[in-house]
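Below is the file model.csv, which contains CSV, C-alpha atoms.
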chain,number,residue,atom,x,y,z
A,512,MET,CA,15.3,19.0,-3.3
A,513,ILE,CA,13.5,20.1,-0.2
A,514,THR,CA,9.7,20.0,0.3
A,515,MET,CA,8.0,21.6,3.3
A,516,THR,CA,4.4,21.0,4.1
A,517,ASP,CA,2.4,23.0,1.7
A,518,ILE,CA,-0.2,20.4,0.8
A,519,SER,CA,-2.4,22.6,-1.4
A,520,HIS,CA,-4.8,20.7,-3.6
A,521,GLU,CA,-5.2,22.1,-7.1
A,522,LYS,CA,-7.6,19.5,-8.4
A,523,SER,CA,-11.2,20.5,-8.8
A,524,ALA,CA,-13.4,19.5,-5.9
A,525,GLU,CA,-15.4,17.0,-8.0
A,526,LYS,CA,-12.4,15.3,-9.5
A,527,ALA,CA,-10.7,15.1,-6.0
A,528,SER,CA,-13.9,13.6,-4.5
A,529,GLN,CA,-14.1,11.0,-7.3
A,530,ASP,CA,-10.4,10.1,-7.0
A,531,PHE,CA,-10.8,9.9,-3.2
A,532,MET,CA,-13.8,7.5,-3.4
A,533,ALA,CA,-12.1,5.3,-6.0
A,534,ASN,CA,-9.0,5.1,-3.8
A,535,VAL,CA,-11.0,4.4,-0.7
A,536,ALA,CA,-12.8,1.6,-2.4
A,537,HIS,CA,-9.6,0.2,-3.8
A,538,GLU,CA,-7.8,0.4,-0.5
A,539,PHE,CA,-10.7,-1.3,1.4
A,540,LEU,CA,-11.4,-4.0,-1.2
A,541,THR,CA,-7.8,-5.1,-1.6
A,542,PRO,CA,-7.4,-6.6,1.9
A,543,LEU,CA,-11.0,-7.7,1.8
A,544,THR,CA,-10.3,-9.7,-1.3
A,545,THR,CA,-7.3,-11.3,0.3
A,546,ILE,CA,-9.3,-12.2,3.4
A,547,LYS,CA,-12.2,-13.6,1.4
A,548,SER,CA,-10.1,-15.6,-1.0
A,549,TYR,CA,-7.7,-17.0,1.6
A,550,ASN,CA,-10.7,-18.0,3.8
A,551,GLU,CA,-12.4,-19.7,0.9
A,552,MET,CA,-9.3,-21.7,0.1
A,553,LEU,CA,-8.9,-22.9,3.7
A,554,MET,CA,-12.6,-23.8,3.9
A,555,ASP,CA,-12.5,-25.7,0.6
A,556,GLY,CA,-9.6,-27.8,1.9
A,557,GLU,CA,-7.3,-26.6,-0.8
A,558,ILE,CA,-4.4,-25.7,1.5
A,559,GLU,CA,-2.4,-28.7,2.4
A,560,GLY,CA,0.0,-29.0,5.3
A,561,ARG,CA,-0.1,-27.3,8.7
A,562,GLU,CA,2.7,-24.8,7.8
A,563,MET,CA,0.9,-23.6,4.7
A,564,GLN,CA,-2.4,-23.4,6.6
A,565,LYS,CA,-0.7,-21.4,9.3
A,566,GLU,CA,0.7,-19.0,6.7
A,567,PHE,CA,-2.8,-18.5,5.3
A,568,TYR,CA,-4.3,-17.8,8.7
A,569,ASN,CA,-1.5,-15.3,9.4
A,570,THR,CA,-2.1,-13.5,6.2
A,571,ILE,CA,-5.8,-13.2,7.1
A,572,SER,CA,-4.9,-11.9,10.5
A,573,GLU,CA,-2.4,-9.3,8.9
A,574,GLU,CA,-4.9,-8.2,6.3
A,575,THR,CA,-7.6,-7.7,9.0
A,576,GLY,CA,-5.1,-5.5,10.9
A,577,ARG,CA,-4.4,-3.6,7.7
A,578,LEU,CA,-8.1,-3.0,7.2
A,579,THR,CA,-8.5,-1.9,10.9
A,580,ARG,CA,-5.6,0.5,10.6
A,581,LEU,CA,-7.0,1.9,7.4
A,582,ILE,CA,-10.3,2.6,9.0
A,583,GLN,CA,-8.7,4.1,12.1
A,584,ASN,CA,-6.5,6.4,10.0
A,585,LEU,CA,-9.3,7.4,7.8
A,586,LEU,CA,-11.5,8.3,10.8
A,587,SER,CA,-8.7,10.2,12.5
A,588,ILE,CA,-7.9,12.2,9.4
A,589,SER,CA,-11.6,13.0,8.9
A,590,LYS,CA,-11.9,14.1,12.5
A,591,ILE,CA,-8.8,16.3,12.3
A,592,GLN,CA,-10.0,17.9,9.1
A,593,MET,CA,-13.5,18.6,10.5
A,594,GLY,CA,-11.9,19.9,13.7
A,595,ALA,CA,-13.9,17.3,15.5
A,596,LEU,CA,-10.9,15.6,17.1
A,597,SER,CA,-10.5,16.7,20.7
A,598,LEU,CA,-6.8,16.7,21.5
A,599,LYS,CA,-5.8,15.3,24.8
A,600,ARG,CA,-3.1,17.9,25.4
A,601,GLY,CA,-0.5,17.4,28.0
A,602,LEU,CA,3.2,17.7,28.6
A,603,VAL,CA,4.9,15.1,26.4
A,604,LYS,CA,8.5,14.2,27.4
A,605,THR,CA,10.4,13.2,24.4
A,606,ASP,CA,12.4,10.5,26.1
A,607,TRP,CA,9.1,8.7,26.7
A,608,LEU,CA,7.9,9.3,23.2
A,609,ALA,CA,11.2,8.1,21.6
A,610,GLY,CA,11.2,4.9,23.7
A,611,ASP,CA,7.7,4.0,22.8
A,612,CYS,CA,8.2,4.7,19.1
A,613,ILE,CA,11.4,2.7,18.9
A,614,ALA,CA,9.7,-0.2,20.7
A,615,ALA,CA,6.9,-0.2,18.2
A,616,VAL,CA,9.2,-0.5,15.1
A,617,GLU,CA,12.1,-2.5,16.5
A,618,PRO,CA,10.6,-6.0,15.8
A,619,GLY,CA,10.2,-5.1,12.1
A,620,ALA,CA,13.7,-3.6,12.0
A,621,GLN,CA,15.2,-6.7,13.6
A,622,LYS,CA,13.5,-9.0,11.0
A,623,LYS,CA,15.4,-7.0,8.3
A,624,GLN,CA,18.6,-6.6,10.4
A,625,ILE,CA,18.1,-2.9,10.3
A,626,ALA,CA,19.9,-1.0,13.0
A,627,ILE,CA,18.3,2.1,14.6
A,628,GLN,CA,21.0,4.5,15.6
A,629,LYS,CA,19.8,6.9,18.3
A,630,GLN,CA,21.2,10.4,18.5
A,631,PHE,CA,19.6,11.8,21.6
A,632,PRO,CA,20.4,14.8,23.8
A,633,ASP,CA,21.5,14.4,27.4
A,634,ASN,CA,18.4,16.3,28.6
A,635,PHE,CA,15.4,15.5,26.6
A,636,PRO,CA,13.1,18.5,25.8
A,637,ALA,CA,9.4,18.4,26.3
A,638,ILE,CA,6.5,19.4,24.0
A,639,MET,CA,2.9,20.2,24.6
A,640,GLY,CA,0.5,17.9,22.7
A,641,ASP,CA,-1.5,14.7,22.4
A,642,LYS,CA,1.0,12.0,23.2
A,643,GLU,CA,-0.9,9.2,21.4
A,644,LEU,CA,-1.2,11.3,18.2
A,645,LEU,CA,2.4,12.4,18.4
A,646,LYS,CA,3.4,8.8,18.9
A,647,THR,CA,1.4,7.8,15.8
A,648,ALA,CA,3.2,10.5,13.7
A,649,VAL,CA,6.7,9.5,14.8
A,650,ILE,CA,6.0,5.8,14.4
A,651,ASN,CA,4.7,6.4,10.9
A,652,LEU,CA,8.1,8.0,9.9
A,653,LEU,CA,10.1,5.3,11.6
A,654,GLY,CA,7.9,2.5,10.2
A,655,ASN,CA,8.3,3.9,6.7
A,656,ALA,CA,12.0,4.1,7.1
A,657,VAL,CA,12.0,0.4,8.1
A,658,LYS,CA,9.6,-0.6,5.4
A,659,TYR,CA,11.4,1.2,2.5
A,660,SER,CA,15.0,0.3,3.5
A,661,PRO,CA,16.8,-2.8,2.3
A,662,GLU,CA,18.1,-5.3,4.8
A,663,ASN,CA,21.3,-4.7,6.7
A,664,THR,CA,21.0,-0.9,6.6
A,665,THR,CA,20.9,1.7,9.4
A,666,ILE,CA,18.2,4.2,10.3
A,667,THR,CA,19.2,7.3,12.3
A,668,PHE,CA,16.7,8.7,14.7
A,669,SER,CA,17.6,12.0,16.2
A,670,ILE,CA,16.0,14.4,18.7
A,671,PHE,CA,17.4,17.9,19.3
A,672,GLU,CA,16.4,21.5,20.2
A,673,GLN,CA,17.0,24.6,18.1
A,674,SER,CA,15.5,28.1,18.5
A,675,ASN,CA,12.8,27.0,20.9
A,676,MET,CA,11.7,24.2,18.6
A,677,VAL,CA,12.1,20.4,19.2
A,678,TYR,CA,13.2,18.5,16.1
A,679,PHE,CA,12.7,14.8,15.3
A,680,GLU,CA,14.7,13.5,12.4
A,681,VAL,CA,14.5,10.1,10.8
A,682,ILE,CA,17.1,9.4,8.2
A,683,ASP,CA,17.4,6.2,6.2
A,684,THR,CA,19.5,4.9,3.3
A,685,GLY,CA,16.7,3.2,1.6
A,686,TYR,CA,15.1,3.4,-1.8
A,687,GLY,CA,14.5,7.1,-1.5
A,688,ILE,CA,11.7,9.2,-3.2
A,689,SER,CA,11.8,10.4,-6.8
A,690,ASP,CA,11.5,14.1,-7.7
A,691,GLU,CA,8.1,13.2,-9.3
A,692,ASP,CA,6.7,11.7,-6.1
A,693,LEU,CA,8.2,14.1,-3.5
A,694,PRO,CA,5.7,17.0,-3.9
A,695,HIS,CA,2.8,14.5,-3.4
A,696,ILE,CA,3.8,12.3,-0.6
A,697,PHE,CA,1.7,14.1,2.1
A,698,GLU,CA,-1.5,13.8,-0.1
A,699,LYS,CA,-4.1,11.3,1.0
A,700,PHE,CA,-3.9,8.0,-0.8
A,701,TYR,CA,-0.9,9.1,-2.9
A,702,ARG,CA,1.2,6.0,-3.7
A,703,SER,CA,4.4,6.0,-5.6
A,704,LYS,CA,4.6,4.1,-8.8
A,705,ASP,CA,8.3,3.2,-8.2
A,706,PRO,CA,8.6,-0.6,-8.3
A,707,ASN,CA,10.5,-0.7,-5.1
A,708,ILE,CA,7.6,1.1,-3.3
A,709,VAL,CA,4.6,-0.5,-4.9
A,710,GLU,CA,5.7,-4.0,-3.8
A,711,LYS,CA,5.1,-2.9,-0.2
A,712,THR,CA,1.7,-2.8,1.2
A,713,GLY,CA,0.6,0.7,2.2
A,714,SER,CA,-2.6,2.7,2.4
A,715,GLY,CA,-1.2,6.0,1.3
A,716,LEU,CA,-2.7,7.5,4.4
A,717,GLY,CA,0.3,7.3,6.9
A,718,LEU,CA,2.2,10.4,5.8
A,719,ALA,CA,-1.0,12.4,5.2
A,720,MET,CA,-2.1,11.7,8.7
A,721,THR,CA,1.4,12.4,10.1
A,722,SER,CA,1.3,15.8,8.4
A,723,GLU,CA,-2.2,16.6,9.8
A,724,ILE,CA,-1.1,15.7,13.3
A,725,ILE,CA,2.0,17.9,13.1
A,726,HIS,CA,0.0,20.8,11.8
A,727,LEU,CA,-2.4,20.3,14.6
A,728,HIS,CA,0.5,20.8,17.0
A,729,SER,CA,1.6,24.0,15.3
A,730,GLY,CA,4.6,22.2,13.9
A,731,GLU,CA,6.1,21.5,10.5
A,732,ILE,CA,7.1,18.5,8.6
A,733,GLY,CA,9.7,18.3,5.8
A,734,VAL,CA,11.5,15.8,3.7
A,735,LYS,CA,14.7,15.7,1.6
A,736,SER,CA,15.2,12.7,-0.5
A,737,ARG,CA,16.9,11.4,-3.6
A,738,LEU,CA,16.0,8.2,-5.4
A,739,GLY,CA,18.4,5.4,-4.5
A,740,GLU,CA,20.0,7.5,-1.7
A,741,GLY,CA,17.4,7.4,1.1
A,742,SER,CA,15.2,9.9,2.8
A,743,HIS,CA,15.5,12.4,5.5
A,744,PHE,CA,12.3,13.4,7.3
A,745,THR,CA,12.2,16.2,9.8
A,746,ILE,CA,9.4,17.2,12.2
A,747,CYS,CA,9.6,20.3,14.4
A,748,ILE,CA,7.2,21.2,17.2
A,749,PRO,CA,7.4,24.2,19.5
A,750,LYS,CA,9.3,23.4,22.7
A,751,GLU,CA,7.5,23.6,26.0
A,752,ASP,CA,9.4,24.6,29.1
A,753,TYR,CA,9.5,21.6,31.4
A,754,HIS,CA,9.3,22.0,35.1
A,755,VAL,CA,9.2,19.2,37.5
A,756,GLY,CA,5.7,18.5,38.6
A,757,LYS,CA,4.1,20.5,35.7
A,758,GLN,CA,2.3,17.5,34.3
B,243,MET,CA,-4.1,-32.7,-10.1
B,244,SER,CA,-3.1,-33.5,-13.7
B,245,GLU,CA,-1.6,-30.6,-15.6
B,246,ASN,CA,-3.2,-29.2,-18.7
B,247,ASN,CA,-1.3,-27.2,-21.3
B,248,LYS,CA,-3.2,-23.9,-20.6
B,249,LYS,CA,-1.2,-20.9,-19.5
B,250,VAL,CA,-2.6,-18.2,-17.3
B,251,LEU,CA,-0.9,-14.8,-16.7
B,252,ILE,CA,-1.7,-13.1,-13.4
B,253,ILE,CA,-1.0,-9.3,-13.3
B,254,ASP,CA,-1.4,-7.7,-9.9
B,255,ASP,CA,0.7,-5.4,-7.7
B,256,GLU,CA,-0.7,-7.1,-4.6
B,257,ALA,CA,1.4,-10.2,-3.6
B,258,HIS,CA,-1.3,-11.9,-1.5
B,259,ILE,CA,-3.8,-11.7,-4.4
B,260,ARG,CA,-1.3,-13.0,-6.9
B,261,ASN,CA,-0.4,-15.9,-4.6
B,262,VAL,CA,-3.9,-17.1,-3.9
B,263,ILE,CA,-4.9,-17.0,-7.6
B,264,ALA,CA,-1.7,-18.8,-8.6
B,265,LEU,CA,-2.3,-21.5,-6.0
B,266,LYS,CA,-5.9,-22.0,-7.1
B,267,LEU,CA,-4.8,-22.3,-10.7
B,268,LYS,CA,-2.0,-24.7,-10.0
B,269,ASN,CA,-4.3,-26.9,-7.9
B,270,SER,CA,-6.5,-27.0,-11.0
B,271,GLY,CA,-3.6,-28.0,-13.3
B,272,TYR,CA,-2.9,-24.7,-15.0
B,273,GLN,CA,0.5,-23.3,-15.8
B,274,VAL,CA,0.9,-19.9,-14.1
B,275,ILE,CA,3.1,-16.9,-15.0
B,276,ILE,CA,3.1,-13.7,-13.1
B,277,ALA,CA,3.7,-9.9,-13.6
B,278,VAL,CA,3.6,-7.2,-11.0
B,279,ASN,CA,2.4,-4.3,-13.2
B,280,GLY,CA,0.7,-3.5,-16.4
B,281,GLU,CA,3.8,-2.8,-18.4
B,282,GLU,CA,5.5,-6.0,-17.4
B,283,GLY,CA,2.1,-7.8,-18.0
B,284,LEU,CA,1.9,-6.5,-21.6
B,285,HIS,CA,5.5,-7.7,-22.3
B,286,MET,CA,4.6,-11.1,-20.9
B,287,ILE,CA,1.5,-11.4,-23.0
B,288,LYS,CA,3.7,-10.8,-26.1
B,289,THR,CA,6.4,-13.2,-25.1
B,290,HIS,CA,4.4,-16.0,-23.4
B,291,ARG,CA,1.1,-16.0,-25.3
B,292,PRO,CA,-1.1,-17.0,-22.4
B,293,ASP,CA,-4.6,-18.4,-22.9
B,294,VAL,CA,-6.0,-16.3,-20.1
B,295,VAL,CA,-4.9,-13.0,-18.5
B,296,ILE,CA,-6.2,-12.1,-15.1
B,297,SER,CA,-5.4,-8.4,-14.3
B,298,ASP,CA,-6.2,-5.8,-11.6
B,299,LEU,CA,-7.7,-2.6,-13.0
B,300,MET,CA,-5.8,-0.2,-10.7
B,301,MET,CA,-2.1,-0.9,-11.1
B,302,PRO,CA,1.2,1.0,-11.4
B,303,LYS,CA,3.0,1.8,-14.6
B,304,MET,CA,0.0,0.7,-16.8
B,305,ASP,CA,-3.5,0.2,-15.6
B,306,GLY,CA,-5.8,-2.6,-16.6
B,307,ARG,CA,-7.8,-0.4,-19.0
B,308,SER,CA,-4.7,0.6,-21.0
B,309,LEU,CA,-3.6,-3.0,-21.0
B,310,CYS,CA,-6.9,-4.1,-22.5
B,311,HIS,CA,-6.7,-1.5,-25.2
B,312,LYS,CA,-3.2,-2.5,-26.1
B,313,SER,CA,-4.2,-6.2,-26.1
B,314,VAL,CA,-6.9,-5.8,-28.7
B,315,GLU,CA,-4.5,-6.0,-31.7
B,316,LEU,CA,-2.7,-8.9,-30.1
B,317,LYS,CA,-6.0,-10.8,-29.8
B,318,LYS,CA,-6.3,-10.8,-33.6
B,319,ASP,CA,-3.3,-13.1,-33.9
B,320,TRP,CA,-4.2,-15.4,-31.0
B,321,PRO,CA,-7.4,-14.9,-28.9
B,322,PHE,CA,-7.2,-15.0,-25.2
B,323,LEU,CA,-9.6,-14.3,-22.3
B,324,THR,CA,-8.9,-11.2,-20.2
B,325,ILE,CA,-10.5,-11.1,-16.7
B,326,LEU,CA,-10.3,-7.6,-15.1
B,327,MET,CA,-10.7,-7.4,-11.4
B,328,THR,CA,-12.2,-4.1,-10.3
B,329,CYS,CA,-13.8,-2.5,-7.2
B,330,SER,CA,-17.1,-1.9,-8.9
B,331,ILE,CA,-18.3,-1.9,-12.5
B,332,THR,CA,-19.2,1.8,-13.1
B,333,PRO,CA,-21.2,2.9,-16.2
B,334,ASP,CA,-18.0,4.2,-17.7
B,335,GLU,CA,-16.3,0.8,-17.3
B,336,SER,CA,-19.3,-0.9,-18.8
B,337,ASP,CA,-19.1,1.4,-21.8
B,338,TRP,CA,-15.5,0.9,-22.7
B,339,MET,CA,-15.5,-2.9,-22.0
B,340,GLU,CA,-18.3,-3.4,-24.4
B,341,GLY,CA,-15.9,-3.0,-27.3
B,342,MET,CA,-13.3,-5.3,-25.9
B,343,PRO,CA,-13.2,-8.8,-27.3
B,344,ASP,CA,-13.1,-11.8,-24.9
B,345,THR,CA,-13.0,-9.5,-21.8
B,346,LEU,CA,-15.0,-9.8,-18.6
B,347,PHE,CA,-15.0,-7.9,-15.3
B,348,MET,CA,-15.1,-9.5,-11.8
B,349,GLU,CA,-15.9,-7.3,-8.9
B,350,LYS,CA,-13.7,-7.5,-5.7
B,351,PRO,CA,-13.8,-9.2,-3.3
B,352,PHE,CA,-13.9,-12.1,-5.8
B,353,SER,CA,-14.3,-15.8,-5.1
B,354,PRO,CA,-11.4,-18.0,-6.3
B,355,SER,CA,-14.0,-20.7,-7.3
B,356,LYS,CA,-16.0,-18.3,-9.3
B,357,LEU,CA,-12.9,-17.1,-11.1
B,358,MET,CA,-12.0,-20.7,-11.9
B,359,GLN,CA,-15.4,-21.3,-13.3
B,360,HIS,CA,-14.9,-18.5,-15.8
B,361,ILE,CA,-11.4,-19.7,-16.7
B,362,ASP,CA,-12.5,-23.4,-17.1
B,363,GLN,CA,-15.5,-22.3,-19.2
B,364,TYR,CA,-13.3,-20.4,-21.6
B,365,THR,CA,-10.4,-22.8,-21.8
B,366,LEU,CA,-12.6,-25.8,-22.2
B,367,GLY,CA,-14.6,-23.9,-24.8
B,368,CYS,CA,-18.0,-24.9,-23.3
B,369,SER,CA,-19.8,-21.7,-23.9
B,370,ASN,CA,-19.4,-18.0,-24.2
B,371,VAL,CA,-18.1,-16.0,-21.3
Kindly return the structure encoded in the file as structure tokens.
Amino acid sequence: MITMTDISHEKSAEKASQDFMANVAHEFLTPLTTIKSYNEMLMDGEIEGREMQKEFYNTISEETGRLTRLIQNLLSISKIQMGALSLKRGLVKTDWLAGDCIAAVEPGAQKKQIAIQKQFPDNFPAIMGDKELLKTAVINLLGNAVKYSPENTTITFSIFEQSNMVYFEVIDTGYGISDEDLPHIFEKFYRSKDPNIVEKTGSGLGLAMTSEIIHLHSGEIGVKSRLGEGSHFTICIPKEDYHVGKQ
Amino acid sequence: MSENNKKVLIIDDEAHIRNVIALKLKNSGYQVIIAVNGEEGLHMIKTHRPDVVISDLMMPKMDGRSLCHKSVELKKDWPFLTILMTCSITPDESDWMEGMPDTLFMEKPFSPSKLMQHIDQYTLGCSNV
């Protein structure tokens, strides 16, 4: 089954707004609850042993980061949708982009002994766009592949050119996405009900934001997936002729 | 902390929240059992007969509201307290919870100590919840 990015919303505006607010509240209050309760346990002296205390402080730190990312993603999506985000357009060389994206997800992959197999061209193409936003989009795909793949598996990250477009592909052999979930994965706050997925923390904003970023760059995003067989995400963005000294 | 024979079931899809509630309960001597979604939670209510059920409202497979409705019949055989954790108590939630026996809501972010007060109060039978 293939889904390309038609993210049309069929719900009524009122229902969509109510669902959105309920999800926002839930997504914000979940890490806040962890932060508040872990802090209270530490302050009340209920956590014994330095290791356990350290674990609690780490969790507070991680959940603070989760909250921060959530706010940043929400603000970015809102700015993109209102047309208020000023793109810092420039020539983005894909070798630079690939290197930074891999560096961002590699520590997480190493923890799970997940190998990232790179299939890159001899001459990397270039695209025109906002390099930080594009980085966010590609990291979201690679990060999801790491998050939703079991240990000791391989993720393939490819970059290639075809018909004046630059393609980025991220293929994993992880849990995959059900036919039921597949049409909704680019919707804001959509979270799969699959038990392999719900156990992982996630805001349900990452793919929505990735999709918005790619549209903003006149590109397309697509996914093929089967439950239990992994996922295959593709981004394509118009190629920019690269000349030395152009940037 | 000495153990008591009271059993508490925690139902939540967030591991951090399950962990902190479980630790607080164990520190207070309660036996703790855990479920990660509403469906699993309902099964564990039937098989383990807990004294208290702490459940998130928004959960996969079966949400807290459905879990509450399905628990009403079970409570006739053996009463237990249900504590539902929610983002905010809306008028709609107030309406449907009124008909639920031995059920209370706690708004997130909750305090583990406050949660324990409600559980102790119910299990020690001091007063109404």
Surrounding residues of Ile276 (chain B) excluding itself and chain neighbours under 6 positions, 12 Å, all atoms listed in the file, as an mmCIF file with C-alpha atoms, in the coordinates of the input:
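Result went into selection03.cif, see below:
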data_model
loop_
_atom_site.group_PDB
_atom_site.id
_atom_site.type_symbol
_atom_site.label_atom_id
_atom_site.label_comp_id
_atom_site.auth_asym_id
_atom_site.auth_seq_id
_atom_site.Cartn_x
_atom_site.Cartn_y
_atom_site.Cartn_z
ATOM 1 C CA LYS B 249 -1.200 -20.900 -19.500
ATOM 2 C CA VAL B 250 -2.600 -18.200 -17.300
ATOM 3 C CA LEU B 251 -0.900 -14.800 -16.700
ATOM 4 C CA ILE B 252 -1.700 -13.100 -13.400
ATOM 5 C CA ILE B 253 -1.000 -9.300 -13.300
ATOM 6 C CA ASP B 254 -1.400 -7.700 -9.900
ATOM 7 C CA ASP B 255 0.700 -5.400 -7.700
ATOM 8 C CA GLU B 256 -0.700 -7.100 -4.600
ATOM 9 C CA ALA B 257 1.400 -10.200 -3.600
ATOM 10 C CA ILE B 259 -3.800 -11.700 -4.400
ATOM 11 C CA ARG B 260 -1.300 -13.000 -6.900
ATOM 12 C CA ASN B 261 -0.400 -15.900 -4.600
ATOM 13 C CA ILE B 263 -4.900 -17.000 -7.600
ATOM 14 C CA ALA B 264 -1.700 -18.800 -8.600
ATOM 15 C CA LEU B 265 -2.300 -21.500 -6.000
ATOM 16 C CA LEU B 267 -4.800 -22.300 -10.700
ATOM 17 C CA GLU B 282 5.500 -6.000 -17.400
ATOM 18 C CA GLY B 283 2.100 -7.800 -18.000
ATOM 19 C CA LEU B 284 1.900 -6.500 -21.600
ATOM 20 C CA HIS B 285 5.500 -7.700 -22.300
ATOM 21 C CA MET B 286 4.600 -11.100 -20.900
ATOM 22 C CA ILE B 287 1.500 -11.400 -23.000
ATOM 23 C CA HIS B 290 4.400 -16.000 -23.400
ATOM 24 C CA PRO B 292 -1.100 -17.000 -22.400
ATOM 25 C CA VAL B 294 -6.000 -16.300 -20.100
ATOM 26 C CA VAL B 295 -4.900 -13.000 -18.500
ATOM 27 C CA ILE B 296 -6.200 -12.100 -15.100
ATOM 28 C CA SER B 297 -5.400 -8.400 -14.300
#
- [ ] Quote the spacing between CA of Met639 (chain A) and CA of Lys750 (chain A) in Å to one decimal place.
- [x]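 Separation between CA of Met639 (chain A) and CA of Lys750 (chain A): 7.4 Å.
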Open item on the list: At a cut-off of 8 Å, using only C-alpha atoms, what residues contact Leu608 (chain A)? Leave out same-chain residues fewer than 4 positions from it and give the result as a PyMOL selection string.
Closed with: chain A and resi 603-604+612+642+645-646
Task: Neighbours of chain A in chain B at 9 Å, counting only C-alpha atoms, as a list in words - done: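 Interface list for chain B against chain A: Asp255, Glu256, Ala257, His258, Ile259, Val262, Ile263, Leu265, Lys266, Asn269, Val278, Asn279, Met300, Met301, Pro302, Lys303, Thr328, Cys329, Ser330, Lys350, Pro351, Phe352, Ser353, Pro354 and Ser355 of chain B.
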5 Å per side around region 292-301 of chain B: axis-aligned box centre and edge lengths, as AutoDock Vina command-line options:
--center_x -4.4 --center_y -9.3 --center_z -16.8 --size_x 16.6 --size_y 28.2 --size_z 22.2
Do you know which residues are at most 12 Å from Gln621 (chain A) counting all atoms listed in the file, after dropping those on the same chain fewer than 3 positions away, and could you put them as a PDB file with C-alpha atoms, keeping the file's coordinate frame?
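Written output follows (out.pdb):
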ATOM      1  CA  ILE A 613      11.400   2.700  18.900  1.00  0.00           C
ATOM      2  CA  ALA A 614       9.700  -0.200  20.700  1.00  0.00           C
ATOM      3  CA  ALA A 615       6.900  -0.200  18.200  1.00  0.00           C
ATOM      4  CA  VAL A 616       9.200  -0.500  15.100  1.00  0.00           C
ATOM      5  CA  GLU A 617      12.100  -2.500  16.500  1.00  0.00           C
ATOM      6  CA  PRO A 618      10.600  -6.000  15.800  1.00  0.00           C
ATOM      7  CA  GLN A 624      18.600  -6.600  10.400  1.00  0.00           C
ATOM      8  CA  ILE A 625      18.100  -2.900  10.300  1.00  0.00           C
ATOM      9  CA  ALA A 626      19.900  -1.000  13.000  1.00  0.00           C
ATOM     10  CA  ILE A 627      18.300   2.100  14.600  1.00  0.00           C
ATOM     11  CA  VAL A 657      12.000   0.400   8.100  1.00  0.00           C
ATOM     12  CA  LYS A 658       9.600  -0.600   5.400  1.00  0.00           C
ATOM     13  CA  GLU A 662      18.100  -5.300   4.800  1.00  0.00           C
ATOM     14  CA  ASN A 663      21.300  -4.700   6.700  1.00  0.00           C
ATOM     15  CA  THR A 664      21.000  -0.900   6.600  1.00  0.00           C
ATOM     16  CA  THR A 665      20.900   1.700   9.400  1.00  0.00           C
ATOM     17  CA  ILE A 666      18.200   4.200  10.300  1.00  0.00           C
TER      18      ILE A 666
END
Task: For Met348 (chain B), the nearest of the candidates B:Ile275, B:Met304, B:Ile361, B:Thr289, counting only C-alpha atoms - done: B:Ile361
Open item on the list: To one decimal place in Å, what is the distance between CA of Lys312 (chain B) and CA of Asp334 (chain B)?
Closed with: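 Answer for the CA of Lys312 (chain B) to CA of Asp334 (chain B) separation: 18.3 Å.
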Open item on the list: Need the shell around Glu751 (chain A): protein/DNA/RNA residues with any atom at most 12 Å away, counting only C-alpha atoms. Skip same-chain ones fewer than 3 positions apart. Format as a list in words?
Closed with: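 So the residues in contact are Gly601, Leu602, Val603, Lys604, Thr605, Phe635, Pro636, Ala637, Ile638, Met639, Gly640, Glu672, Ser674, Asn675, Met676, Val677, His728, Ile748, His754, Lys757 and Gln758 of chain A.
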- [ ] Grab the CA of Arg580 (chain A) to CA of Leu598 (chain A) distance for me, in Å with one decimal place.
- [x]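 Pair CA of Arg580 (chain A) / CA of Leu598 (chain A) returns 19.6 Å.
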